[in-house]
>>> print(open('target.cif').read())   # mmCIF, C-alpha atoms and all ligand atoms
data_run
loop_
_atom_site.label_atom_id
_atom_site.label_comp_id
_atom_site.auth_asym_id
_atom_site.auth_seq_id
_atom_site.Cartn_x
_atom_site.Cartn_y
_atom_site.Cartn_z
CA MET A 1 -0.46 23.71 -36.81
CA LYS A 2 0.52 22.40 -33.39
CA THR A 3 -1.49 19.36 -32.28
CA PRO A 4 -3.42 20.19 -29.11
CA ARG A 5 -1.94 18.22 -26.19
CA ARG A 6 -5.14 16.24 -25.52
CA GLU A 7 -5.47 15.26 -29.19
CA PHE A 8 -1.84 14.23 -29.25
CA LEU A 9 -2.25 12.00 -26.21
CA LEU A 10 -5.23 10.27 -27.73
CA THR A 11 -3.34 9.27 -30.85
CA SER A 12 -1.36 6.53 -29.11
CA ALA A 13 -2.94 3.13 -28.57
CA ALA A 14 -1.80 3.24 -24.96
CA ALA A 15 -3.66 6.46 -24.33
CA LEU A 16 -6.73 5.06 -26.03
CA ALA A 17 -6.74 2.19 -23.58
CA ALA A 18 -6.53 4.56 -20.64
CA LYS A 19 -9.31 6.83 -21.90
CA ALA A 20 -11.81 7.06 -19.09
CA ALA A 21 -15.04 5.27 -19.80
CA PRO A 22 -18.33 7.09 -19.36
CA PRO A 23 -20.39 5.61 -16.49
CA GLU A 24 -22.61 3.52 -18.74
CA GLN A 25 -19.64 1.95 -20.49
CA GLU A 26 -18.09 -1.27 -19.25
CA VAL A 27 -14.53 -1.08 -17.89
CA HIS A 28 -12.41 -4.08 -18.78
CA ALA A 29 -10.00 -5.15 -16.07
CA ALA A 30 -7.39 -7.88 -15.57
CA MET A 31 -6.19 -9.54 -12.40
CA ILE A 32 -2.43 -10.24 -12.22
CA GLY A 33 -1.34 -12.45 -9.30
CA ILE A 34 -4.36 -14.21 -7.86
CA GLY A 35 -3.05 -15.84 -4.69
CA LYS A 36 -4.34 -15.06 -1.22
CA ARG A 37 -4.73 -11.30 -1.58
CA GLY A 38 -5.69 -11.46 -5.25
CA SER A 39 -8.56 -13.80 -4.31
CA THR A 40 -9.99 -11.07 -2.06
CA LEU A 41 -9.44 -8.37 -4.67
CA ILE A 42 -11.11 -10.38 -7.44
CA GLN A 43 -14.29 -10.49 -5.33
CA GLN A 44 -14.10 -6.74 -4.87
CA VAL A 45 -13.72 -6.23 -8.63
CA LEU A 46 -16.61 -8.60 -9.38
CA ALA A 47 -18.79 -6.52 -7.06
CA GLN A 48 -18.27 -3.37 -9.15
CA PRO A 49 -21.10 -2.40 -11.50
CA ASN A 50 -20.17 -2.34 -15.19
CA VAL A 51 -16.74 -3.85 -14.70
CA LYS A 52 -15.77 -6.96 -16.61
CA ILE A 53 -12.84 -9.18 -15.64
CA ALA A 54 -11.42 -9.69 -19.11
CA ALA A 55 -8.27 -11.59 -18.10
CA VAL A 56 -6.67 -13.41 -15.22
CA CYS A 57 -2.92 -13.99 -15.01
CA ASP A 58 -0.80 -16.08 -12.68
CA ILE A 59 2.21 -18.36 -13.08
CA ASP A 60 0.42 -20.95 -10.95
CA PRO A 61 -2.13 -22.96 -12.99
CA GLN A 62 -4.20 -23.70 -9.88
CA ALA A 63 -4.50 -19.98 -9.10
CA ARG A 64 -5.53 -19.28 -12.71
CA ASP A 65 -8.16 -22.04 -12.67
CA ASN A 66 -9.60 -20.82 -9.37
CA ALA A 67 -9.78 -17.26 -10.65
CA GLN A 68 -11.42 -18.31 -13.91
CA SER A 69 -13.99 -20.23 -11.96
CA VAL A 70 -14.67 -17.35 -9.53
CA ALA A 71 -15.01 -14.92 -12.46
CA ARG A 72 -16.89 -17.32 -14.79
CA ARG A 73 -19.65 -14.72 -15.18
CA ASP A 74 -17.15 -12.69 -17.27
CA ASN A 75 -15.45 -15.63 -19.00
CA PRO A 76 -11.93 -14.13 -18.65
CA ARG A 77 -8.99 -15.15 -20.79
CA SER A 78 -6.17 -16.88 -18.91
CA PHE A 79 -2.48 -15.89 -19.10
CA THR A 80 0.83 -16.81 -17.52
CA ASP A 81 2.76 -13.79 -18.82
CA TYR A 82 1.58 -10.34 -17.69
CA ARG A 83 3.16 -8.73 -20.76
CA GLN A 84 0.61 -10.48 -22.96
CA VAL A 85 -2.19 -9.18 -20.74
CA LEU A 86 -0.94 -5.64 -21.18
CA GLU A 87 -1.15 -6.05 -24.97
CA MET A 88 -4.95 -6.43 -24.78
CA LYS A 89 -6.22 -3.25 -26.43
CA GLU A 90 -9.68 -3.32 -24.83
CA LEU A 91 -8.19 -3.44 -21.33
CA GLN A 92 -8.32 -0.24 -19.27
CA ALA A 93 -7.33 -1.44 -15.80
CA VAL A 94 -5.17 -4.03 -14.07
CA VAL A 95 -5.16 -5.16 -10.46
CA VAL A 96 -1.79 -6.49 -9.32
CA ALA A 97 -1.27 -8.70 -6.27
CA THR A 98 1.94 -10.58 -7.08
CA PRO A 99 4.86 -10.97 -4.64
CA CYS A 100 6.32 -7.57 -3.70
CA ASP A 101 9.46 -7.67 -5.85
CA LEU A 102 7.30 -7.86 -9.00
CA HIS A 103 5.08 -4.86 -8.28
CA ALA A 104 7.42 -2.25 -9.74
CA PRO A 105 8.24 -3.97 -13.07
CA ILE A 106 4.57 -4.84 -13.64
CA ALA A 107 3.37 -1.38 -12.57
CA ALA A 108 5.86 0.37 -14.84
CA ALA A 109 4.90 -1.86 -17.78
CA ALA A 110 1.18 -1.27 -17.13
CA LEU A 111 1.68 2.49 -17.00
CA ASP A 112 3.75 2.34 -20.20
CA ALA A 113 0.88 0.45 -21.83
CA GLY A 114 -1.59 3.11 -20.66
CA LYS A 115 -3.48 0.84 -18.25
CA HIS A 116 -4.72 2.21 -14.94
CA ILE A 117 -3.32 0.08 -12.16
CA TYR A 118 -4.47 -0.86 -8.69
CA CYS A 119 -1.15 -2.10 -7.33
CA GLU A 120 -0.71 -3.87 -4.05
CA LYS A 121 1.73 -2.29 -1.64
CA PRO A 122 4.65 -1.72 -1.54
CA VAL A 123 5.07 -0.07 -4.94
CA GLY A 124 8.73 -1.13 -4.85
CA ILE A 125 11.21 -2.74 -2.48
CA THR A 126 14.33 -0.79 -3.53
CA PRO A 127 14.86 2.91 -4.33
CA GLU A 128 15.56 1.93 -7.96
CA GLN A 129 12.24 0.13 -8.26
CA VAL A 130 10.33 3.07 -6.78
CA ASP A 131 12.11 5.44 -9.14
CA MET A 132 11.21 3.26 -12.13
CA VAL A 133 7.48 3.48 -11.33
CA LEU A 134 7.60 7.22 -10.67
CA LYS A 135 9.25 7.77 -14.05
CA ALA A 136 6.71 5.57 -15.83
CA ALA A 137 3.83 7.40 -14.10
CA ARG A 138 5.14 10.81 -15.15
CA LYS A 139 5.01 9.75 -18.82
CA SER A 140 1.76 7.82 -18.67
CA SER A 141 -1.79 8.89 -19.42
CA ALA A 142 -2.95 6.31 -16.85
CA PHE A 143 -2.69 6.42 -13.05
CA LEU A 144 -1.55 4.13 -10.26
CA GLN A 145 -3.59 3.63 -7.10
CA ILE A 146 -1.65 1.88 -4.36
CA GLY A 147 -3.22 -0.82 -2.20
CA GLN A 148 -2.67 1.23 0.97
CA GLN A 149 -6.36 1.00 1.69
CA LEU A 150 -6.13 2.73 5.08
CA ARG A 151 -6.20 5.96 3.05
CA TYR A 152 -9.82 5.07 2.25
CA VAL A 153 -11.05 4.44 5.82
CA PRO A 154 -13.61 7.24 6.42
CA GLY A 155 -13.01 7.54 10.20
CA LEU A 156 -9.26 7.83 9.80
CA ARG A 157 -9.74 10.47 7.13
CA LYS A 158 -11.99 12.50 9.38
CA VAL A 159 -9.62 12.43 12.35
CA ILE A 160 -6.64 13.37 10.18
CA ASP A 161 -8.69 16.26 8.75
CA ASP A 162 -9.40 17.34 12.34
CA ILE A 163 -5.66 17.29 13.11
CA ARG A 164 -5.02 19.35 9.97
CA GLY A 165 -7.77 21.69 11.15
CA GLY A 166 -5.86 22.35 14.38
CA ILE A 167 -7.65 20.19 16.93
CA ILE A 168 -4.36 19.58 18.80
CA GLY A 169 -2.68 22.78 17.63
CA GLN A 170 0.66 22.08 16.03
CA PRO A 171 1.35 18.32 15.94
CA PHE A 172 4.82 17.47 17.25
CA VAL A 173 5.29 13.74 17.72
CA ILE A 174 3.70 10.50 16.49
CA ARG A 175 3.98 7.29 18.42
CA ALA A 176 2.83 4.26 16.48
CA GLN A 177 2.96 0.55 17.05
CA ARG A 178 1.93 -2.74 15.51
CA ASP A 179 2.36 -5.55 18.02
CA SER A 180 1.34 -9.14 18.04
CA THR A 181 2.12 -12.36 19.85
CA PRO A 182 4.97 -14.46 18.40
CA VAL A 183 4.04 -16.07 15.08
CA ARG A 184 3.52 -19.78 15.71
CA PRO A 185 5.89 -22.05 13.72
CA ASP A 186 2.89 -23.89 12.19
CA ALA A 187 1.50 -20.53 10.97
CA GLU A 188 4.87 -19.81 9.31
CA VAL A 189 4.66 -23.04 7.32
CA GLY A 190 1.70 -21.79 5.29
CA ARG A 191 3.49 -18.59 4.26
CA PRO A 192 4.65 -18.37 0.63
CA SER A 193 8.44 -18.65 0.25
CA TRP A 194 8.76 -15.12 -1.24
CA TYR A 195 7.32 -13.64 1.97
CA LYS A 196 10.12 -14.83 4.25
CA ASP A 197 12.86 -13.96 1.75
CA VAL A 198 13.72 -10.31 2.36
CA LYS A 199 15.09 -9.98 -1.20
CA ARG A 200 11.57 -10.64 -2.50
CA SER A 201 9.34 -9.15 0.19
CA GLY A 202 11.47 -6.18 1.21
CA ASP A 203 11.34 -7.41 4.84
CA LEU A 204 8.59 -6.83 7.39
CA ILE A 205 8.97 -3.06 7.47
CA VAL A 206 8.48 -2.73 3.70
CA GLU A 207 5.98 -5.54 3.12
CA ASN A 208 3.83 -4.86 6.14
CA ALA A 209 4.62 -1.70 8.10
CA VAL A 210 4.39 0.33 4.91
CA HIS A 211 0.64 0.65 5.65
CA ASN A 212 1.27 2.13 9.09
CA LEU A 213 4.18 4.32 8.04
CA ASP A 214 1.97 5.70 5.28
CA VAL A 215 -0.65 6.71 7.85
CA CYS A 216 2.09 8.51 9.80
CA ASN A 217 3.26 10.31 6.64
CA TRP A 218 -0.35 11.31 6.02
CA VAL A 219 -0.69 12.69 9.56
CA ALA A 220 2.66 14.49 9.38
CA ASN A 221 1.73 15.86 5.94
CA SER A 222 5.40 15.61 5.19
CA LYS A 223 8.09 13.09 4.35
CA PRO A 224 10.83 11.85 6.67
CA THR A 225 14.36 13.07 6.08
CA SER A 226 16.17 10.46 8.17
CA ALA A 227 15.71 7.17 10.00
CA TYR A 228 17.54 5.30 12.73
CA GLY A 229 16.56 1.92 14.03
CA HIS A 230 17.21 -1.61 15.18
CA GLY A 231 15.60 -4.95 14.50
CA LYS A 232 16.08 -8.71 14.20
CA LYS A 233 14.46 -12.01 13.66
CA TYR A 234 14.12 -12.80 17.36
CA PHE A 235 12.21 -16.10 17.25
CA PRO A 236 12.91 -18.98 17.65
CA THR A 237 16.49 -17.79 18.26
CA PRO A 238 17.85 -14.30 17.53
CA GLU A 239 19.37 -13.79 14.07
CA PRO A 240 20.66 -10.52 12.61
CA ALA A 241 18.35 -8.61 10.27
CA GLY A 242 18.82 -8.97 6.54
CA THR A 243 18.19 -12.61 5.65
CA TRP A 244 14.89 -13.79 7.05
CA MET A 245 11.97 -11.51 7.71
CA MET A 246 12.34 -9.64 11.00
CA ASP A 247 9.79 -10.22 13.73
CA GLY A 248 10.70 -7.13 15.72
CA PHE A 249 12.06 -3.69 14.97
CA CYS A 250 11.88 -0.07 16.13
CA VAL A 251 12.62 2.98 13.98
CA GLU A 252 12.79 6.68 14.72
CA TYR A 253 12.03 9.04 11.86
CA ILE A 254 12.55 12.81 11.69
CA TYR A 255 10.32 14.61 9.21
CA ASP A 256 10.97 17.52 6.85
CA ASN A 257 8.76 19.66 9.10
CA ASP A 258 10.73 18.53 12.21
CA MET A 259 7.99 16.25 13.56
CA HIS A 260 9.22 12.92 14.73
CA LEU A 261 7.82 9.43 14.67
CA ASP A 262 8.61 6.52 16.97
CA TYR A 263 7.44 3.35 15.26
CA SER A 264 7.81 -0.16 16.57
CA GLN A 265 6.53 -3.53 15.49
CA LEU A 266 7.16 -6.42 17.84
CA TYR A 267 5.80 -9.91 17.43
CA MET A 268 6.56 -10.80 21.04
CA HIS A 269 3.69 -9.15 22.86
CA PRO A 270 2.32 -11.48 25.56
CA ARG A 271 -1.46 -11.84 25.36
CA ILE A 272 -1.77 -11.10 29.07
CA LEU A 273 0.14 -7.79 28.75
CA LYS A 274 -2.77 -5.34 28.65
CA ASP A 275 -1.21 -2.11 29.96
CA LEU A 276 0.48 -1.65 26.60
CA PRO A 277 -2.17 -2.42 23.99
CA GLN A 278 -1.48 -4.99 21.27
CA GLY A 279 -2.35 -4.46 17.62
CA GLN A 280 -2.08 -1.29 15.58
CA TRP A 281 -2.30 2.16 17.12
CA TYR A 282 -1.12 5.70 16.55
CA PHE A 283 -1.06 8.57 19.03
CA VAL A 284 -0.39 12.06 17.74
CA PHE A 285 0.96 14.48 20.36
CA GLY A 286 0.61 18.21 19.79
CA GLN A 287 0.54 21.66 21.33
CA LYS A 288 -2.99 21.31 22.73
CA GLY A 289 -3.35 17.60 23.32
CA THR A 290 -3.12 14.11 21.92
CA VAL A 291 -5.25 12.15 19.49
CA ASP A 292 -5.70 8.41 19.45
CA LEU A 293 -6.03 8.04 15.71
CA THR A 294 -7.38 4.51 15.61
CA LYS A 295 -10.14 5.09 18.13
CA GLY A 296 -10.73 8.70 17.12
CA ILE A 297 -10.38 10.07 20.67
CA LEU A 298 -9.03 13.48 21.63
CA TYR A 299 -7.23 13.94 24.97
CA GLY A 300 -7.02 17.73 25.38
CA LEU A 301 -4.19 18.94 27.62
CA ASN A 302 -6.62 21.20 29.47
CA GLU A 303 -9.69 19.02 29.29
CA THR A 304 -11.01 16.76 32.02
CA GLN A 305 -12.62 14.16 29.75
CA PRO A 306 -11.55 12.50 26.50
CA ARG A 307 -13.69 13.48 23.50
CA GLU A 308 -14.96 11.21 20.69
CA LEU A 309 -14.10 12.62 17.25
CA ILE A 310 -16.01 10.13 15.10
CA PRO A 311 -19.82 10.22 15.28
CA ALA A 312 -21.26 6.90 16.46
CA SER A 313 -22.95 6.40 13.06
CA GLU A 314 -19.57 6.55 11.28
CA ARG A 315 -17.61 4.31 13.63
CA GLY A 316 -16.38 1.08 12.09
CA GLU A 317 -17.14 2.19 8.51
CA LYS A 318 -15.07 0.08 6.14
CA GLU A 319 -12.82 1.29 3.34
CA ASP A 320 -13.89 0.90 -0.25
CA ALA A 321 -10.67 1.56 -2.10
CA MET A 322 -11.61 -0.64 -5.08
CA THR A 323 -14.87 1.19 -5.77
CA GLN A 324 -12.95 4.45 -5.67
CA PHE A 325 -10.42 3.05 -8.16
CA PHE A 326 -13.11 2.46 -10.79
CA THR A 327 -14.89 5.72 -9.92
CA ASP A 328 -11.67 7.65 -10.48
CA ILE A 329 -11.15 5.92 -13.84
CA ARG A 330 -14.64 6.94 -14.95
CA GLU A 331 -14.44 10.45 -13.55
CA LYS A 332 -10.88 10.95 -14.85
CA LYS A 333 -9.65 11.85 -11.38
CA GLN A 334 -6.31 11.13 -9.76
CA PRO A 335 -6.55 8.64 -6.88
CA PHE A 336 -6.18 9.80 -3.28
CA ALA A 337 -3.56 7.07 -2.71
CA ASP A 338 -1.64 7.97 -5.86
CA VAL A 339 1.85 7.14 -7.06
CA LYS A 340 3.43 9.85 -4.88
CA VAL A 341 1.74 8.48 -1.76
CA ALA A 342 2.92 5.02 -2.82
CA ALA A 343 6.49 6.11 -3.49
CA THR A 344 6.80 8.17 -0.31
CA ALA A 345 5.53 5.29 1.82
CA ALA A 346 7.76 2.72 0.15
CA LEU A 347 10.82 4.96 0.47
CA THR A 348 10.00 5.67 4.13
CA ALA A 349 9.93 1.94 4.79
CA ILE A 350 13.06 1.27 2.71
CA MET A 351 14.94 4.04 4.55
CA GLY A 352 13.97 2.48 7.88
CA ARG A 353 15.02 -0.96 6.71
CA GLU A 354 18.39 0.30 5.51
CA ALA A 355 18.96 2.08 8.83
CA ILE A 356 18.30 -1.21 10.63
CA TYR A 357 20.52 -3.24 8.30
CA ARG A 358 23.39 -0.74 8.25
CA ARG A 359 23.10 0.07 11.96
CA ARG A 360 23.39 3.78 11.32
CA MET A 361 21.24 6.75 10.44
CA VAL A 362 20.12 6.73 6.81
CA THR A 363 18.87 9.87 5.10
CA TRP A 364 16.20 10.39 2.44
CA LYS A 365 18.85 12.05 0.26
CA GLU A 366 20.89 8.85 0.23
CA LEU A 367 17.99 7.04 -1.41
CA GLY A 368 18.49 9.27 -4.47
CA VAL A 369 14.86 9.36 -5.61
CA GLU A 370 12.88 12.48 -6.54
CA VAL A 371 9.23 11.96 -5.65
N1 LIG B 401 -3.20 -4.43 1.12
C1 LIG B 401 -3.26 -5.43 1.96
O1 LIG B 401 -3.89 -5.36 3.01
C2 LIG B 401 -2.55 -6.71 1.65
C3 LIG B 401 -2.84 -7.87 2.37
C4 LIG B 401 -2.15 -9.04 2.06
C5 LIG B 401 -1.19 -9.04 1.06
N2 LIG B 401 -0.93 -7.90 0.38
C6 LIG B 401 0.09 -7.87 -0.71
O2 LIG B 401 -0.42 -8.62 -1.81
C7 LIG B 401 0.64 -9.25 -2.50
C8 LIG B 401 0.34 -10.74 -2.64
O3 LIG B 401 0.29 -11.34 -1.38
P1 LIG B 401 -0.38 -12.78 -1.19
O4 LIG B 401 -0.45 -13.03 0.25
O5 LIG B 401 -1.61 -12.85 -2.00
O6 LIG B 401 0.74 -13.74 -1.83
P2 LIG B 401 0.49 -15.11 -2.58
O7 LIG B 401 1.81 -15.77 -2.69
O8 LIG B 401 -0.65 -15.84 -1.95
O9 LIG B 401 0.00 -14.63 -4.04
C9 LIG B 401 0.88 -14.13 -5.01
C10 LIG B 401 0.43 -14.71 -6.36
O10 LIG B 401 1.22 -14.12 -7.38
C11 LIG B 401 1.53 -15.16 -8.32
N3 LIG B 401 2.70 -14.77 -9.12
C12 LIG B 401 4.02 -14.92 -8.82
N4 LIG B 401 4.76 -14.48 -9.84
C13 LIG B 401 3.91 -14.05 -10.80
C14 LIG B 401 4.09 -13.48 -12.08
N5 LIG B 401 5.31 -13.28 -12.59
N6 LIG B 401 3.00 -13.18 -12.81
C15 LIG B 401 1.75 -13.41 -12.33
N7 LIG B 401 1.51 -13.93 -11.09
C16 LIG B 401 2.59 -14.25 -10.34
C17 LIG B 401 1.76 -16.36 -7.45
O11 LIG B 401 1.68 -17.56 -8.20
C18 LIG B 401 0.62 -16.22 -6.45
O12 LIG B 401 -0.56 -16.85 -6.89
C19 LIG B 401 1.89 -8.96 -1.70
O13 LIG B 401 2.57 -7.88 -2.27
C20 LIG B 401 1.39 -8.56 -0.33
O14 LIG B 401 2.26 -7.66 0.31
C21 LIG B 401 -1.59 -6.75 0.65
#
>>> encode(input="target.cif", output="structure tokens", more="lines below")
Ligand SMILES: NC(=O)c1ccc[n+]([C@@H]2O[C@H](COP(=O)([O-])OP(=O)(O)OC[C@H]3O[C@@H](n4cnc5c(N)ncnc54)[C@H](O)[C@@H]3O)[C@@H](O)[C@H]2O)c1
Amino acid sequence: MKTPRREFLLTSAAALAAKAAPPEQEVHAAMIGIGKRGSTLIQQVLAQPNVKIAAVCDIDPQARDNAQSVARRDNPRSFTDYRQVLEMKELQAVVVATPCDLHAPIAAAALDAGKHIYCEKPVGITPEQVDMVLKAARKSSAFLQIGQQLRYVPGLRKVIDDIRGGIIGQPFVIRAQRDSTPVRPDAEVGRPSWYKDVKRSGDLIVENAVHNLDVCNWVANSKPTSAYGHGKKYFPTPEPAGTWMMDGFCVEYIYDNDMHLDYSQLYMHPRILKDLPQGQWYFVFGQKGTVDLTKGILYGLNETQPRELIPASERGEKEDAMTQFFTDIREKKQPFADVKVAATAALTAIMGREAIYRRRMVTWKELGVEV
């Protein structure tokens, strides 16, 4: 007799580990990479009801000691090698916040071991890395949620739903920006060495802009087919892109559905320049008007006044991506920011980076990855 698929899945130890726990049952989780970001995430995990931090893992003994002390309530085991963590049978979930170049190998190994994974962005910094995680996810009984937490901001979700619902008719163009003043040299000193090394971080567009590009993909409800752009490390003296992390770039993307996106990120925005706002913003231009996504304001082409799209009571509501991660484990649901969202965002950023480096248009096809 043929084994029913569900029964078959449950026979492997990996699948057993990934089996969703009923609400009353404790979920055992491990933290891998507990530096700056991991120290925030460990607090978020500790705040979850019925979740135990069973292990902490970092190559830095100081980071391990700090994490063990922060999570002393749960008395976690301490590891330097993530592969040993993934051998823990009782473990159902891992939270990964290592340098970017390690996300894909750790994520793929976690998925192979049947552990649900909350993985910091980007899911990979090369097309090959992204492909590796996608392949592991297809075979795994566990899921990956990507740390693109903007997907869990309630206001943003509402406004994007409004756009999908036709509030500006057909959306045509997205203009998005993430500007800041030049990074002070003393602020650079505190950065970890992997961050500045584009071979480890993926460069600014992949390490950082991946959040913003993901929001644009979400709005477009599509994936880009090509990118063209330019960028450099401008400060303190201009250097070509490709060695040290850029501090300024602009990319133009054309989407599958023929929308286009102008994205720029410049760390040279004078504080006194107010006519062009600093920080992160997105404007979506369509048939019937334009939406300021960040503020949730609609500017109708035929209206005389802008209109607020987010009720006052919901403005400024924070994301809670970590709570949703453990809820989805328990409820056996796929995450909203799943592996496809992760892969599409990473590939969008990688395509933009390659266009900048190669000084020519780069197409999605050239990346050679099936999402
Ligand atoms: N989602 C967000 O808003 C957000 C914000 C900041 C950073 N991040 C991402 O989080 C990740 C970590 O950034 P960070 O600022 O915390 O960096 P960090 O350098 O402070 O921390 C990385 C930690 O990983 C450890 N590590 C290195 N190799 C390891 C290995 N093989 N096994 C286990 N641990 C290892 C390091 O010792 C360090 O403690 C990056 O990918 C970054 O892009 C995301």
>>> closest_residue(input="target.cif", among="A:Glu207, A:Glu331, A:Asp292, A:Glu90", to="ligand LIG 401 (chain B)", atoms="only C-alpha atoms and all ligand atoms")
A:Glu207
>>> closest_atom_pairs(input="target.cif", of="chain A", to="ligand LIG 401 (chain B)", cutoff="6 Å", atoms="only C-alpha atoms and all ligand atoms", output="Markdown table")
| residue | atom | partner | partner_atom | distance |
| --- | --- | --- | --- | --- |
| A:Ile32 | CA | B:LIG401 | C15 | 5.2 |
| A:Gly33 | CA | B:LIG401 | O10 | 3.6 |
| A:Ile34 | CA | B:LIG401 | O12 | 4.7 |
| A:Gly35 | CA | B:LIG401 | O9 | 3.3 |
| A:Lys36 | CA | B:LIG401 | O5 | 3.6 |
| A:Arg37 | CA | B:LIG401 | O5 | 3.5 |
| A:Gly38 | CA | B:LIG401 | O5 | 5.4 |
| A:Cys57 | CA | B:LIG401 | C15 | 5.4 |
| A:Asp58 | CA | B:LIG401 | N7 | 3.5 |
| A:Ile59 | CA | B:LIG401 | N7 | 4.9 |
| A:Asp60 | CA | B:LIG401 | O11 | 4.5 |
| A:Ala63 | CA | B:LIG401 | O12 | 5.5 |
| A:Tyr82 | CA | B:LIG401 | N6 | 5.8 |
| A:Ala97 | CA | B:LIG401 | C7 | 4.3 |
| A:Thr98 | CA | B:LIG401 | O10 | 3.6 |
| A:Pro99 | CA | B:LIG401 | O13 | 4.5 |
| A:Cys100 | CA | B:LIG401 | O13 | 4.0 |
| A:Glu120 | CA | B:LIG401 | O2 | 5.3 |
| A:Lys121 | CA | B:LIG401 | O13 | 5.7 |
| A:Gly147 | CA | B:LIG401 | N1 | 4.9 |
| A:Gln148 | CA | B:LIG401 | N1 | 5.7 |
| A:Pro192 | CA | B:LIG401 | O7 | 5.1 |
| A:Glu207 | CA | B:LIG401 | O14 | 5.1 |
>>> residues_around(input="target.cif", residues="Tyr253 (chain A)", least_positions_apart="3", cutoff="9 Å", atoms="all atoms listed in the file", output="list in words")
Pro224, Thr225, Ser226, Ala227, Tyr228, Gly229, Met259, His260, Leu261, Asp262, Tyr263, Thr348 and Gly352 of chain A
>>> closest_atom_pairs(input="target.cif", of="region 282-333 of chain A", to="region 40-51 of chain A", cutoff="12 Å", atoms="only C-alpha atoms", output="JSON lines")
{"residue": "A:Glu319", "atom": "CA", "partner": "A:Gln44", "partner_atom": "CA", "distance": 11.6}
{"residue": "A:Asp320", "atom": "CA", "partner": "A:Gln44", "partner_atom": "CA", "distance": 8.9}
{"residue": "A:Ala321", "atom": "CA", "partner": "A:Gln44", "partner_atom": "CA", "distance": 9.4}
{"residue": "A:Met322", "atom": "CA", "partner": "A:Gln44", "partner_atom": "CA", "distance": 6.6}
{"residue": "A:Thr323", "atom": "CA", "partner": "A:Gln48", "partner_atom": "CA", "distance": 6.6}
{"residue": "A:Gln324", "atom": "CA", "partner": "A:Gln48", "partner_atom": "CA", "distance": 10.1}
{"residue": "A:Phe325", "atom": "CA", "partner": "A:Val45", "partner_atom": "CA", "distance": 9.9}
{"residue": "A:Phe326", "atom": "CA", "partner": "A:Gln48", "partner_atom": "CA", "distance": 8.0}
{"residue": "A:Thr327", "atom": "CA", "partner": "A:Gln48", "partner_atom": "CA", "distance": 9.7}
{"residue": "A:Ile329", "atom": "CA", "partner": "A:Val51", "partner_atom": "CA", "distance": 11.3}
{"residue": "A:Arg330", "atom": "CA", "partner": "A:Asn50", "partner_atom": "CA", "distance": 10.8}
>>> closest_residue(input="target.cif", among="A:Asp256, A:Glu366, A:Asp197, A:Asp162", to="Gly242 (chain A)", atoms="all atoms listed in the file")
A:Asp197
>>> closest_residue(input="target.cif", among="A:Lys340, A:Asn75, A:Ile53, A:Tyr357", to="Asp131 (chain A)", atoms="all atoms listed in the file")
A:Lys340
>>> closest_residue(input="target.cif", among="A:Lys333, A:Arg151, A:Lys233, A:Arg175", to="Met268 (chain A)", atoms="all atoms listed in the file")
A:Lys233
>>> residues_around(input="target.cif", residues="Val173 (chain A)", least_positions_apart="4", cutoff="12 Å", atoms="only C-alpha atoms", output="number ranges by chain")
A: 168, 216-217, 219-220, 252-255, 257-263, 282-287, 289-291
>>> closest_residue(input="target.cif", among="A:Ile310, A:Val339, A:Asp179, A:Met361", to="Val133 (chain A)", atoms="all atoms listed in the file")
A:Val339
>>> closest_residue(input="target.cif", among="A:Lys223, A:Lys318, A:Arg184, A:Lys295", to="Met351 (chain A)", atoms="only C-alpha atoms")
A:Lys223
>>> atom_distance(input="target.cif", atom1="CA of Ile125 (chain A)", atom2="CA of Val198 (chain A)")
9.3 Å
